[in-house]
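Enquirer: Data: upload_12.tsv, TSV, C-alpha atoms and all ligand atoms.
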chain	number	residue	atom	x	y	z
A	752	MET	CA	-56.84	8.87	-16.46
A	753	ILE	CA	-57.35	12.62	-16.71
A	754	ALA	CA	-60.48	12.16	-14.60
A	755	GLU	CA	-58.33	10.48	-11.93
A	756	ILE	CA	-55.91	13.39	-11.99
A	757	ASP	CA	-58.78	15.86	-11.72
A	758	ARG	CA	-59.87	14.29	-8.44
A	759	CYS	CA	-56.63	15.35	-6.73
A	760	ALA	CA	-57.37	17.92	-4.03
A	761	ARG	CA	-53.66	18.81	-3.77
A	762	CYS	CA	-53.81	18.15	-0.04
A	763	GLY	CA	-50.24	16.83	-0.06
A	764	PHE	CA	-50.78	13.95	2.37
A	765	CYS	CA	-49.13	11.67	-0.18
A	766	GLU	CA	-45.89	13.63	-0.12
A	767	ALA	CA	-45.27	12.77	3.51
A	768	VAL	CA	-44.87	9.07	2.66
A	769	CYS	CA	-43.24	9.34	-0.76
A	770	PRO	CA	-39.61	8.13	-0.58
A	771	THR	CA	-38.39	10.05	-3.62
A	772	TYR	CA	-40.03	13.28	-2.49
A	773	ASN	CA	-38.42	12.90	0.91
A	774	ALA	CA	-35.06	12.19	-0.69
A	775	VAL	CA	-34.95	15.25	-2.95
A	776	ARG	CA	-37.78	17.54	-1.76
A	777	MET	CA	-38.82	18.59	-5.22
A	778	ARG	CA	-42.51	18.65	-6.09
A	779	HIS	CA	-42.20	16.87	-9.42
A	780	MET	CA	-40.58	13.96	-7.55
A	781	GLY	CA	-43.63	13.42	-5.33
A	782	PRO	CA	-47.07	11.91	-6.02
A	783	ARG	CA	-49.15	15.05	-6.47
A	784	GLY	CA	-46.48	16.60	-8.65
A	785	ARG	CA	-46.28	13.40	-10.67
A	786	LEU	CA	-50.02	13.53	-11.31
A	787	GLN	CA	-49.59	16.99	-12.83
A	788	MET	CA	-46.59	15.82	-14.85
A	789	ALA	CA	-48.71	12.89	-16.04
A	790	ARG	CA	-51.30	15.39	-17.26
A	791	ILE	CA	-48.65	17.02	-19.42
A	792	ALA	CA	-47.62	13.62	-20.79
A	793	PHE	CA	-51.25	12.77	-21.61
A	794	ASP	CA	-51.69	16.13	-23.33
A	795	GLY	CA	-49.02	15.01	-25.75
A	796	GLY	CA	-46.89	18.16	-25.77
A	797	ALA	CA	-43.10	18.08	-25.89
A	798	PRO	CA	-42.05	16.71	-22.51
A	799	SER	CA	-39.66	18.81	-20.49
A	800	ARG	CA	-36.76	17.35	-18.56
A	801	TYR	CA	-38.92	17.58	-15.44
A	802	VAL	CA	-41.72	15.49	-16.91
A	803	VAL	CA	-39.34	12.67	-17.81
A	804	GLU	CA	-37.50	12.85	-14.50
A	805	SER	CA	-40.77	12.89	-12.59
A	806	LEU	CA	-42.35	9.89	-14.29
A	807	ALA	CA	-39.19	7.81	-14.63
A	808	THR	CA	-38.28	7.99	-10.96
A	809	CYS	CA	-41.52	6.77	-9.39
A	810	LEU	CA	-40.71	3.62	-7.40
A	811	ARG	CA	-44.26	2.31	-7.88
A	812	CYS	CA	-44.11	1.63	-4.15
A	813	ARG	CA	-47.76	2.56	-3.65
A	814	ALA	CA	-47.20	4.23	-0.28
A	815	CYS	CA	-49.01	7.32	-1.61
A	816	GLU	CA	-52.12	5.39	-2.60
A	817	LEU	CA	-52.60	4.01	0.89
A	818	VAL	CA	-52.82	7.49	2.39
A	819	CYS	CA	-54.61	9.40	-0.40
A	820	PRO	CA	-58.00	10.44	1.01
A	821	ALA	CA	-59.43	10.54	-2.52
A	822	SER	CA	-58.22	6.98	-3.26
A	823	ILE	CA	-56.69	8.09	-6.51
A	824	ARG	CA	-55.02	5.29	-8.46
A	825	ILE	CA	-51.80	7.29	-8.48
A	826	VAL	CA	-49.46	4.53	-9.65
A	827	ASP	CA	-51.74	3.47	-12.52
A	828	VAL	CA	-51.81	7.08	-13.73
A	829	ILE	CA	-48.03	7.46	-13.50
A	830	VAL	CA	-47.33	4.12	-15.21
A	831	GLU	CA	-49.73	4.83	-18.07
A	832	ALA	CA	-48.32	8.33	-18.56
A	833	ARG	CA	-44.80	6.93	-18.56
A	834	ARG	CA	-45.78	4.30	-21.12
A	835	ARG	CA	-47.10	6.98	-23.47
A	836	LEU	CA	-44.04	9.12	-22.95
A	837	TYR	CA	-41.66	6.29	-23.79
A	838	ALA	CA	-43.76	5.13	-26.73
A	839	ARG	CA	-43.46	8.59	-28.28
A	840	ALA	CA	-39.69	8.74	-27.95
B	88	MET	CA	-32.31	11.39	-19.07
B	89	GLU	CA	-34.48	9.99	-21.86
B	90	GLY	CA	-31.32	8.97	-23.66
B	91	TRP	CA	-30.10	7.06	-20.62
B	92	ILE	CA	-33.43	5.27	-20.24
B	93	HIS	CA	-33.54	4.17	-23.83
B	94	ALA	CA	-29.93	3.10	-23.74
B	95	LEU	CA	-30.77	1.04	-20.67
B	96	ARG	CA	-33.58	-0.58	-22.59
B	97	ASP	CA	-31.24	-1.46	-25.45
B	98	LEU	CA	-28.80	-3.04	-23.03
B	99	LEU	CA	-31.47	-5.17	-21.34
B	100	VAL	CA	-33.21	-6.24	-24.52
B	101	ASP	CA	-29.95	-7.07	-26.22
B	102	ASN	CA	-28.77	-9.25	-23.35
B	103	LEU	CA	-32.12	-10.96	-22.90
B	104	ARG	CA	-32.16	-11.79	-26.58
B	105	ARG	CA	-28.71	-13.30	-26.40
B	106	SER	CA	-28.82	-15.14	-23.11
B	107	ARG	CA	-32.24	-14.71	-21.43
B	108	PHE	CA	-30.38	-12.81	-18.73
B	109	PRO	CA	-30.62	-8.99	-18.50
B	110	LEU	CA	-26.95	-8.25	-17.93
B	111	PRO	CA	-23.74	-9.64	-19.34
B	112	ALA	CA	-22.89	-12.28	-16.76
B	113	ASP	CA	-21.71	-15.84	-16.54
B	114	ARG	CA	-24.99	-17.73	-16.24
B	115	SER	CA	-23.46	-20.62	-14.35
B	116	ILE	CA	-23.71	-18.46	-11.20
B	117	CYS	CA	-27.49	-18.89	-11.31
B	118	SER	CA	-27.66	-22.63	-10.75
B	119	ARG	CA	-24.62	-23.42	-8.61
B	120	TRP	CA	-26.81	-23.62	-5.51
B	121	ALA	CA	-29.04	-26.30	-7.05
B	122	SER	CA	-26.62	-29.22	-7.12
B	123	GLY	CA	-28.26	-32.45	-6.07
B	124	LEU	CA	-31.82	-31.28	-6.75
B	125	PRO	CA	-33.92	-33.02	-9.41
B	126	GLU	CA	-34.24	-31.35	-12.80
B	127	GLY	CA	-37.63	-30.16	-14.08
B	128	GLY	CA	-41.04	-31.64	-13.34
B	129	ARG	CA	-44.57	-30.37	-12.93
B	130	ARG	CA	-43.66	-28.06	-10.03
B	131	VAL	CA	-40.41	-26.07	-10.14
B	132	LEU	CA	-38.61	-23.72	-7.80
B	133	TYR	CA	-38.01	-20.69	-10.00
B	134	THR	CA	-35.39	-18.19	-8.80
B	135	SER	CA	-35.15	-16.05	-11.96
B	136	CYS	CA	-31.54	-15.66	-10.76
B	137	MET	CA	-32.68	-12.68	-8.71
B	138	TYR	CA	-30.40	-13.32	-5.74
B	139	GLN	CA	-27.33	-13.40	-7.98
B	140	LEU	CA	-28.55	-10.56	-10.18
B	141	ALA	CA	-29.28	-8.03	-7.41
B	142	PRO	CA	-25.63	-7.14	-6.62
B	143	LEU	CA	-24.84	-6.94	-10.35
B	144	ILE	CA	-27.32	-4.15	-11.11
B	145	ALA	CA	-25.36	-1.57	-9.14
B	146	ARG	CA	-22.14	-2.82	-10.68
B	147	ALA	CA	-23.50	-2.46	-14.21
B	148	VAL	CA	-24.66	1.09	-13.43
B	149	ASP	CA	-21.20	1.90	-12.03
B	150	VAL	CA	-19.54	0.70	-15.23
B	151	LEU	CA	-21.90	2.71	-17.40
B	152	GLU	CA	-21.46	5.85	-15.32
B	153	ARG	CA	-17.70	5.51	-15.47
B	154	VAL	CA	-17.72	5.47	-19.25
B	155	GLY	CA	-19.80	8.64	-19.21
B	156	ALA	CA	-23.04	7.13	-20.41
B	157	GLY	CA	-24.92	9.58	-18.22
B	158	SER	CA	-24.07	12.63	-20.29
B	159	GLY	CA	-24.65	13.82	-23.89
B	160	GLY	CA	-25.07	11.35	-26.74
B	161	VAL	CA	-25.92	8.68	-24.23
B	162	ARG	CA	-27.30	6.07	-26.53
B	163	ALA	CA	-24.28	5.96	-28.79
B	164	LYS	CA	-21.91	6.08	-25.83
B	165	MET	CA	-23.71	3.31	-24.06
B	166	ALA	CA	-23.78	1.14	-27.17
B	167	ALA	CA	-20.07	1.69	-27.60
B	168	ALA	CA	-19.48	0.99	-23.93
B	169	GLY	CA	-21.62	-2.12	-24.16
B	170	ALA	CA	-19.65	-3.40	-27.10
B	171	ARG	CA	-16.28	-2.49	-25.65
B	172	LEU	CA	-16.71	-3.33	-22.00
B	173	PHE	CA	-19.44	-5.88	-21.99
B	174	GLY	CA	-18.14	-7.53	-25.14
B	175	GLY	CA	-15.49	-9.28	-23.14
B	176	LEU	CA	-16.23	-8.39	-19.58
B	177	LEU	CA	-18.77	-10.46	-17.75
B	178	LEU	CA	-20.18	-9.09	-14.52
B	179	ARG	CA	-19.70	-11.37	-11.56
B	180	PRO	CA	-20.93	-11.15	-7.99
B	181	SER	CA	-18.11	-11.27	-5.43
B	182	ASP	CA	-17.44	-14.65	-3.82
B	183	GLU	CA	-19.13	-13.41	-0.66
B	184	GLU	CA	-22.24	-12.22	-2.52
B	185	ALA	CA	-22.43	-15.40	-4.57
B	186	GLY	CA	-21.97	-17.53	-1.45
B	187	ARG	CA	-24.77	-15.71	0.35
B	188	ALA	CA	-27.12	-16.07	-2.61
B	189	ASP	CA	-26.38	-19.79	-2.82
B	190	GLY	CA	-26.91	-20.24	0.92
B	191	ILE	CA	-30.26	-18.43	0.85
B	192	LEU	CA	-31.54	-20.52	-2.03
B	193	ARG	CA	-30.30	-23.78	-0.50
B	194	ASN	CA	-32.08	-22.96	2.73
B	195	ILE	CA	-35.30	-22.19	0.86
B	196	ALA	CA	-35.03	-25.54	-0.92
B	197	ALA	CA	-34.32	-27.31	2.37
B	198	MET	CA	-37.29	-25.65	4.11
B	199	LEU	CA	-39.56	-26.65	1.23
B	200	GLY	CA	-38.26	-30.20	1.45
B	201	ARG	CA	-38.93	-30.35	5.20
B	202	ALA	CA	-42.46	-29.04	4.60
B	203	GLY	CA	-43.04	-32.02	2.28
B	204	VAL	CA	-43.13	-29.98	-0.94
B	205	GLN	CA	-41.82	-31.85	-3.97
B	206	PHE	CA	-40.24	-29.76	-6.70
B	207	GLY	CA	-37.57	-29.68	-9.35
B	208	VAL	CA	-35.30	-26.94	-10.64
B	209	LEU	CA	-34.49	-25.74	-14.14
B	210	ARG	CA	-30.76	-25.17	-14.38
B	211	ASP	CA	-31.05	-23.04	-17.49
B	212	GLU	CA	-34.11	-21.09	-16.26
B	213	PRO	CA	-34.62	-17.78	-18.08
B	214	TYR	CA	-34.87	-14.43	-16.27
B	215	SER	CA	-38.50	-13.33	-15.77
B	216	GLY	CA	-38.22	-9.95	-17.51
B	217	ALA	CA	-39.27	-8.06	-14.37
B	218	LEU	CA	-36.77	-5.25	-14.96
B	219	LEU	CA	-38.22	-4.51	-18.40
B	220	TYR	CA	-41.70	-4.35	-16.95
B	221	GLU	CA	-40.72	-2.20	-14.01
B	222	LEU	CA	-38.77	0.28	-16.08
B	223	GLY	CA	-41.80	0.71	-18.33
B	224	PHE	CA	-40.79	-1.13	-21.51
B	225	GLU	CA	-44.07	-2.92	-21.84
B	226	GLU	CA	-43.88	-4.09	-25.42
B	227	ASP	CA	-40.44	-5.57	-24.97
B	228	PHE	CA	-41.63	-7.21	-21.79
B	229	ALA	CA	-44.71	-8.66	-23.49
B	230	SER	CA	-42.79	-10.43	-26.22
B	231	TYR	CA	-40.14	-11.65	-23.80
B	232	ALA	CA	-42.81	-12.92	-21.37
B	233	ARG	CA	-44.36	-15.00	-24.14
B	234	GLU	CA	-40.98	-16.57	-24.76
B	235	VAL	CA	-40.50	-17.41	-21.07
B	236	TYR	CA	-43.98	-18.89	-20.89
B	237	ARG	CA	-43.22	-21.09	-23.89
B	238	TYR	CA	-40.05	-22.24	-22.14
B	239	PHE	CA	-42.04	-23.40	-19.12
B	240	LYS	CA	-44.74	-25.06	-21.19
B	241	GLU	CA	-42.23	-26.97	-23.35
B	242	ARG	CA	-40.87	-28.48	-20.14
B	243	GLY	CA	-44.27	-29.49	-18.82
B	244	VAL	CA	-44.23	-27.03	-15.91
B	245	GLU	CA	-47.62	-26.39	-14.32
B	246	GLU	CA	-46.66	-24.65	-11.10
B	247	VAL	CA	-43.80	-22.33	-10.15
B	248	ILE	CA	-42.60	-21.57	-6.66
B	249	THR	CA	-41.08	-18.09	-6.51
B	250	VAL	CA	-38.46	-16.81	-4.08
B	251	ASP	CA	-38.70	-13.04	-4.56
B	252	PRO	CA	-41.45	-10.42	-4.92
B	253	HIS	CA	-40.45	-9.07	-8.34
B	254	THR	CA	-40.63	-12.43	-10.08
B	255	HIS	CA	-43.80	-13.31	-8.20
B	256	TYR	CA	-45.48	-10.05	-9.15
B	257	VAL	CA	-44.77	-10.24	-12.87
B	258	LEU	CA	-45.77	-13.90	-13.10
B	259	GLU	CA	-48.97	-13.52	-11.14
B	260	ARG	CA	-50.09	-10.05	-12.22
B	261	ALA	CA	-48.32	-9.04	-15.43
B	262	TYR	CA	-47.90	-12.26	-17.45
B	263	PRO	CA	-51.66	-12.99	-17.58
B	264	LYS	CA	-52.19	-9.55	-19.16
B	265	TYR	CA	-49.68	-10.12	-21.96
B	266	VAL	CA	-49.56	-13.88	-22.49
B	267	ASP	CA	-52.63	-15.49	-24.06
B	268	GLY	CA	-53.85	-18.53	-22.17
B	269	PHE	CA	-51.36	-18.11	-19.32
B	270	ASP	CA	-52.17	-20.91	-16.89
B	271	LEU	CA	-49.18	-21.41	-14.61
B	272	LYS	CA	-49.98	-21.62	-10.94
B	273	VAL	CA	-47.74	-19.17	-9.03
B	274	VAL	CA	-46.97	-19.66	-5.34
B	275	SER	CA	-44.39	-18.12	-3.05
B	276	TYR	CA	-42.08	-20.32	-0.99
B	277	MET	CA	-43.22	-18.30	2.02
B	278	ASP	CA	-46.72	-19.73	1.66
B	279	LEU	CA	-45.38	-23.28	1.92
B	280	VAL	CA	-42.56	-23.42	4.47
B	281	ARG	CA	-42.86	-23.96	8.23
B	282	PRO	CA	-39.64	-22.75	9.82
B	283	SER	CA	-39.01	-23.47	13.48
B	284	ARG	CA	-35.51	-22.10	14.11
B	285	ALA	CA	-33.96	-18.64	13.86
B	286	SER	CA	-30.42	-17.27	13.70
B	287	VAL	CA	-31.29	-13.99	15.45
B	288	ALA	CA	-33.43	-13.20	18.49
B	289	LYS	CA	-34.73	-9.76	17.56
B	290	ALA	CA	-35.10	-7.82	14.33
B	291	VAL	CA	-37.03	-5.19	12.41
B	292	VAL	CA	-38.71	-6.15	9.15
B	293	HIS	CA	-38.09	-4.07	6.07
B	294	ASP	CA	-41.10	-4.79	3.85
B	295	SER	CA	-41.00	-5.31	0.14
B	296	CYS	CA	-43.37	-2.81	-1.48
B	297	LEU	CA	-44.69	-5.54	-3.75
B	298	TYR	CA	-45.31	-8.07	-0.98
B	299	ALA	CA	-46.80	-5.52	1.41
B	300	ARG	CA	-48.88	-3.34	-0.91
B	301	TYR	CA	-49.58	-5.42	-4.01
B	302	LEU	CA	-49.38	-9.11	-3.16
B	303	ASP	CA	-50.96	-9.22	0.28
B	304	ARG	CA	-48.03	-10.92	2.03
B	305	TYR	CA	-47.45	-8.27	4.73
B	306	ASP	CA	-48.49	-10.70	7.47
B	307	VAL	CA	-47.07	-13.85	5.93
B	308	TYR	CA	-43.37	-13.27	6.59
B	309	ARG	CA	-44.20	-11.75	9.95
B	310	ARG	CA	-45.93	-15.00	10.89
B	311	LEU	CA	-42.89	-16.99	9.75
B	312	LEU	CA	-40.62	-14.89	11.96
B	313	ASP	CA	-43.02	-15.33	14.87
B	314	SER	CA	-43.15	-19.08	14.47
B	315	ALA	CA	-39.34	-19.24	14.42
B	316	GLY	CA	-39.20	-17.21	17.63
B	317	VAL	CA	-37.84	-13.88	16.34
B	318	ALA	CA	-39.03	-10.87	18.35
B	319	ARG	CA	-40.20	-8.26	15.86
B	320	VAL	CA	-39.74	-4.56	16.60
B	321	GLU	CA	-42.59	-2.65	14.99
B	322	ASP	CA	-43.44	1.03	14.75
B	323	PRO	CA	-46.51	1.95	12.71
B	324	TYR	CA	-44.69	4.95	11.21
B	325	VAL	CA	-41.72	2.85	10.11
B	326	THR	CA	-43.09	-0.63	9.49
B	327	GLY	CA	-46.84	-0.01	9.05
B	328	LYS	CA	-48.31	-0.99	5.70
B	329	ALA	CA	-48.32	2.53	4.24
B	330	TYR	CA	-45.19	3.78	5.99
B	331	SER	CA	-42.80	0.92	5.36
B	332	GLY	CA	-40.86	2.89	2.79
B	333	CYS	CA	-39.24	1.57	-0.34
B	334	CYS	CA	-35.48	0.83	-0.39
B	335	GLY	CA	-35.05	2.79	-3.62
B	336	GLY	CA	-34.12	-0.31	-5.62
B	337	PRO	CA	-36.57	0.12	-8.51
B	338	ILE	CA	-34.81	3.30	-9.70
B	339	GLU	CA	-31.27	2.13	-9.04
B	340	SER	CA	-30.58	1.92	-12.75
B	341	VAL	CA	-32.47	5.13	-13.60
B	342	ARG	CA	-31.22	7.57	-10.95
B	343	PRO	CA	-28.66	5.89	-8.69
B	344	ASP	CA	-28.20	9.15	-6.77
B	345	VAL	CA	-31.86	9.35	-5.78
B	346	ALA	CA	-32.03	5.60	-5.12
B	347	GLY	CA	-29.03	5.91	-2.80
B	348	GLU	CA	-30.60	8.77	-0.85
B	349	VAL	CA	-33.87	6.84	-0.51
B	350	ALA	CA	-31.95	3.85	0.84
B	351	LYS	CA	-30.06	6.03	3.33
B	352	ILE	CA	-33.26	7.55	4.71
B	353	ARG	CA	-34.87	4.13	4.96
B	354	SER	CA	-31.91	2.52	6.71
B	355	ARG	CA	-31.79	5.39	9.23
B	356	GLN	CA	-35.46	4.80	10.08
B	357	LEU	CA	-34.89	1.07	10.50
B	358	SER	CA	-31.72	1.44	12.54
B	359	ARG	CA	-33.64	3.37	15.18
B	360	LEU	CA	-35.65	0.21	15.86
B	361	SER	CA	-33.01	-2.52	15.62
B	362	ASP	CA	-29.52	-3.12	14.29
B	363	VAL	CA	-30.75	-6.30	12.62
B	364	VAL	CA	-32.96	-5.80	9.57
B	365	VAL	CA	-34.79	-8.65	7.86
B	366	THR	CA	-35.50	-8.25	4.15
B	367	VAL	CA	-37.70	-10.39	1.93
B	368	CYS	CA	-36.31	-9.26	-1.41
B	369	PRO	CA	-32.72	-9.55	-2.72
B	370	ILE	CA	-32.79	-6.01	-4.14
B	371	CYS	CA	-33.79	-4.51	-0.79
B	372	ARG	CA	-30.98	-6.39	0.95
B	373	VAL	CA	-28.33	-5.15	-1.46
B	374	ASN	CA	-29.58	-1.57	-1.40
B	375	LEU	CA	-29.91	-1.23	2.34
B	376	SER	CA	-26.57	-2.94	3.01
B	377	ARG	CA	-24.81	-0.54	0.70
B	378	ALA	CA	-26.49	2.51	2.24
B	379	ALA	CA	-25.76	1.47	5.83
B	380	PRO	CA	-22.73	-0.81	6.12
B	381	THR	CA	-23.02	-0.94	9.91
B	382	LEU	CA	-26.54	-2.33	9.77
B	383	LYS	CA	-26.86	-6.11	9.75
B	384	VAL	CA	-29.19	-6.73	6.82
B	385	LEU	CA	-30.28	-10.36	6.50
B	386	ASP	CA	-32.60	-12.09	4.11
B	387	LEU	CA	-35.57	-13.91	5.65
B	388	ALA	CA	-34.00	-17.17	4.49
B	389	GLU	CA	-30.80	-16.31	6.36
B	390	VAL	CA	-32.82	-15.83	9.54
B	391	VAL	CA	-35.33	-18.67	9.65
B	392	SER	CA	-34.81	-22.33	8.84
A	901	LIG	S1	-53.09	12.59	-1.19
A	901	LIG	FE1	-54.33	12.26	-3.02
A	901	LIG	S2	-55.67	14.05	-3.16
A	901	LIG	FE2	-54.02	14.57	-1.73
A	901	LIG	S3	-52.44	15.59	-3.03
A	901	LIG	FE3	-51.93	13.42	-2.93
A	901	LIG	S4	-52.91	12.54	-4.75
A	901	LIG	FE4	-53.87	14.53	-4.40
A	902	LIG	S1	-45.60	5.15	-5.82
A	902	LIG	FE1	-44.27	6.74	-6.68
A	902	LIG	S2	-45.32	8.65	-6.20
A	902	LIG	FE2	-46.23	7.09	-4.88
A	902	LIG	S3	-45.08	7.20	-2.95
A	902	LIG	FE3	-44.07	5.65	-4.24
A	902	LIG	S4	-42.45	6.79	-5.35
A	902	LIG	FE4	-43.89	8.30	-4.51
With the file now loaded, output its structure as structure tokens.
Expert:
Amino acid sequence: MIAEIDRCARCGFCEAVCPTYNAVRMRHMGPRGRLQMARIAFDGGAPSRYVVESLATCLRCRACELVCPASIRIVDVIVEARRRLYARA
Amino acid sequence: MEGWIHALRDLLVDNLRRSRFPLPADRSICSRWASGLPEGGRRVLYTSCMYQLAPLIARAVDVLERVGAGSGGVRAKMAAAGARLFGGLLLRPSDEEAGRADGILRNIAAMLGRAGVQFGVLRDEPYSGALLYELGFEEDFASYAREVYRYFKERGVEEVITVDPHTHYVLERAYPKYVDGFDLKVVSYMDLVRPSRASVAKAVVHDSCLYARYLDRYDVYRRLLDSAGVARVEDPYVTGKAYSGCCGGPIESVRPDVAGEVAKIRSRQLSRLSDVVVTVCPICRVNLSRAAPTLKVLDLAEVVS
């Protein structure tokens, strides 16, 4: 999963199609921000409010994956990170 | 926010344990549409009560917000609210919502009948557990899914016909991961029906994320609309596979404010193409209708027959 996150070039193409990013225009509520929040969740540190908000509000709509030039499995990463986060709580 | 999410989990799990339905509601609303149809059999039409449930989700969130479950000490507050409010109060769809849900399901059953598909219904069918899965409560989902699978097997069911993308997705993609030996055949009613009439002449399709980007049905409901003679308005940046944005429904119970904004943006995009929107998921229909009351949002099974 971390290897998936590492492949992100931070190009931002995914943000253009992300419904939650377009609704609130905050980076942690878009795909590339969520990948970085997922990294924090995988690292196992105390999650901030932003990490929870970021991972809990992904719609799993997969719009981002269809435009990501690196074909990152964005939703799988987010869902797995969210699972770990909730399991710890 | 974590408190809210875990309180939500408690509410769902508690209700599923008690009634195999995720919210406190009168379960008779789920099978009213099915009068006259045969009970059970090898192949069943499985609604998971999604059409009746969709309008109740927002209502449950409203109730919880009103009692202040969104702020400090959420879990305790929500438990207290659950006991106090939901103890006696059952959520009910309005007569109009319930009537629409019944009409949609009756039309699906009628279209299946005309296509020569034989099926039964299960009047006490359990909810699929999709909400648990989608909100990320995997372990709870796994044990509940095993229970639902047992329910089907005890009744000799071999094949289920689904009517919505959420139920279809969990049965086809999630159940096999969590239920040993899962062997139910899962088909969508859309794969079986052959509609020839339509109630509108022109419309824009609002895709379901699951149908379009997970379950490979993007073209299926478009073909059904075509065969019924509905002129589709398409714009690659609004209705293309990657750009057909979500309605916001999946986070309705997590962040209703964000879900509402997502729905508003989506309905604005759609309204530029047509004032009639066709949805293929009950949650999309409820969300878009609420965000844009002037838009005519119709389910596929209200449009074709
Ligand atoms: S489109 Fe892909 S590579 Fe580009 S920022 Fe988004 S996730 Fe990273
Ligand atoms: S799957 Fe999540 S991150 Fe990707 S576009 Fe949809 S809401 Fe945004």
Enquirer: Would you compute an axis-aligned box for range 778-789 of chain A, covering every atom listed for it in the file with 4 Å of margin on each side, and report centre and edge lengths in Å to one decimal as lines of an AutoDock Vina configuration file?
Expert:
center_x = -45.3
center_y = 15.3
center_z = -10.7
size_x = 17.4
size_y = 14.7
size_z = 18.7
Enquirer: Could you pull the residues within 8 Å of Ser331 in chain B, counting all atoms listed in the file, minus those fewer than 3 positions along the same chain, as a list of chain:residue names?
Expert: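 The filter keeps A:Ala814, B:His293, B:Asp294, B:Cys296, B:Tyr324, B:Val325, B:Thr326, B:Gly327, B:Lys328.
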Enquirer: Could you list, as JSON, numbers by chain, all protein and nucleic acid residues with an atom at most 6 Å from ligand LIG 901 (chain A), counting all atoms listed in the file?
Expert: {"A": [759, 760, 761, 762, 763, 764, 765, 782, 783, 819, 820, 821, 823]}
Enquirer: Pick out the closest residue to chain B from this set: A:Gly781, A:Arg790, A:Leu836, A:Cys812. Count all atoms listed in the file.
Expert: A:Cys812
Enquirer: With all atoms listed in the file considered, list every residue of chain A at most 9 Å from chain B, as a list in words.
Expert: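 The complete set of qualifying residues is Val768, Cys769, Pro770, Thr771, Asn773, Ala774, Val775, Arg800, Val803, Glu804, Ala807, Thr808, Cys809, Leu810, Arg811, Cys812, Arg813, Ala814, Cys815, Glu816, Leu817, Val818, Val830, Glu831, Arg833, Arg834, Tyr837, Ala838 and Ala840 of chain A.
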Enquirer: Neighbours of Ile370 in chain B within 7 Å (only C-alpha atoms; same-chain residues fewer than 3 positions away dropped), as a tab-separated table (two decimals) with C-alpha atoms, in the coordinates of the input?
Expert:
chain	number	residue	atom	x	y	z
B	141	ALA	CA	-29.28	-8.03	-7.41
B	336	GLY	CA	-34.12	-0.31	-5.62
B	373	VAL	CA	-28.33	-5.15	-1.46
B	374	ASN	CA	-29.58	-1.57	-1.40
Enquirer: If you measure from CA of Gln787 in chain A to CA of Leu302 in chain B, what distance in Å do you get, rounded to one decimal?
Expert: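 CA of Leu302 in chain B lies 27.8 Å from CA of Gln787 in chain A.
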Enquirer: Rounded to one decimal, what separation in Å do you get between CA of Asp313 in chain B and CA of Ala197 in chain B?
Expert: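 Value for the CA of Asp313 in chain B-CA of Ala197 in chain B distance: 19.4 Å.
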Enquirer: Report, in Å with one decimal, the straight-line distance from CA of Gly190 in chain B to CA of Arg242 in chain B.
Expert: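 Result for CA of Gly190 in chain B versus CA of Arg242 in chain B: 26.6 Å, one decimal.
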Enquirer: What's around Arg201 in chain B at 9 Å? Count all atoms listed in the file, leave out sequence neighbours fewer than 5 positions away in its own chain, and write the answer as a PDB file with C-alpha atoms, keeping the file's coordinate frame.
Expert:
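Everything below was put into part-v9.pdb:
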ATOM      1  CA  ALA B 196     -35.030 -25.540  -0.920  1.00  0.00           C
ATOM      2  CA  VAL B 280     -42.560 -23.420   4.470  1.00  0.00           C
ATOM      3  CA  ARG B 281     -42.860 -23.960   8.230  1.00  0.00           C
ATOM      4  CA  PRO B 282     -39.640 -22.750   9.820  1.00  0.00           C
TER       5      PRO B 282
END
Enquirer: Rank nothing, just name the residue among A:Ala789, A:Ala754, A:Met780, A:Val802 nearest to ligand LIG 902 (chain A), using only C-alpha atoms and all ligand atoms.
Expert: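 Going through A:Ala789, A:Ala754, A:Met780, A:Val802 one by one, the smallest distance to ligand LIG 902 (chain A) is for A:Met780.
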Enquirer: Looking at B:Asp303, B:Tyr265, B:Glu321, B:Cys368, which one is nearest to Gln356 in chain B, with distances taken over all atoms listed in the file?
Expert: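 For Gln356 in chain B, the nearest of the candidates is B:Glu321.
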Enquirer: Identify which of the residues B:Val363, B:Gly200, B:Tyr308, B:Pro369 lies closest to Thr381 in chain B, counting all atoms listed in the file when measuring atom-to-atom distances.
Expert: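 Going through B:Val363, B:Gly200, B:Tyr308, B:Pro369 one by one, the smallest distance to Thr381 in chain B is for B:Val363.
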Enquirer: Could you tell me which of A:Ala832, A:Arg839, A:Arg785, A:Phe793 comes closest to ligand LIG 902 (chain A) if we count all atoms listed in the file?
Expert: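 For ligand LIG 902 (chain A), the nearest of the given residues is A:Arg785.
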Enquirer: Need the shell around Tyr801 in chain A: protein/DNA/RNA residues with any atom at most 8 Å away, counting all atoms listed in the file. Skip same-chain ones fewer than 3 positions apart. Format as a list in words?
Expert: His779, Met788, Pro798, Glu804 and Ser805 of chain A
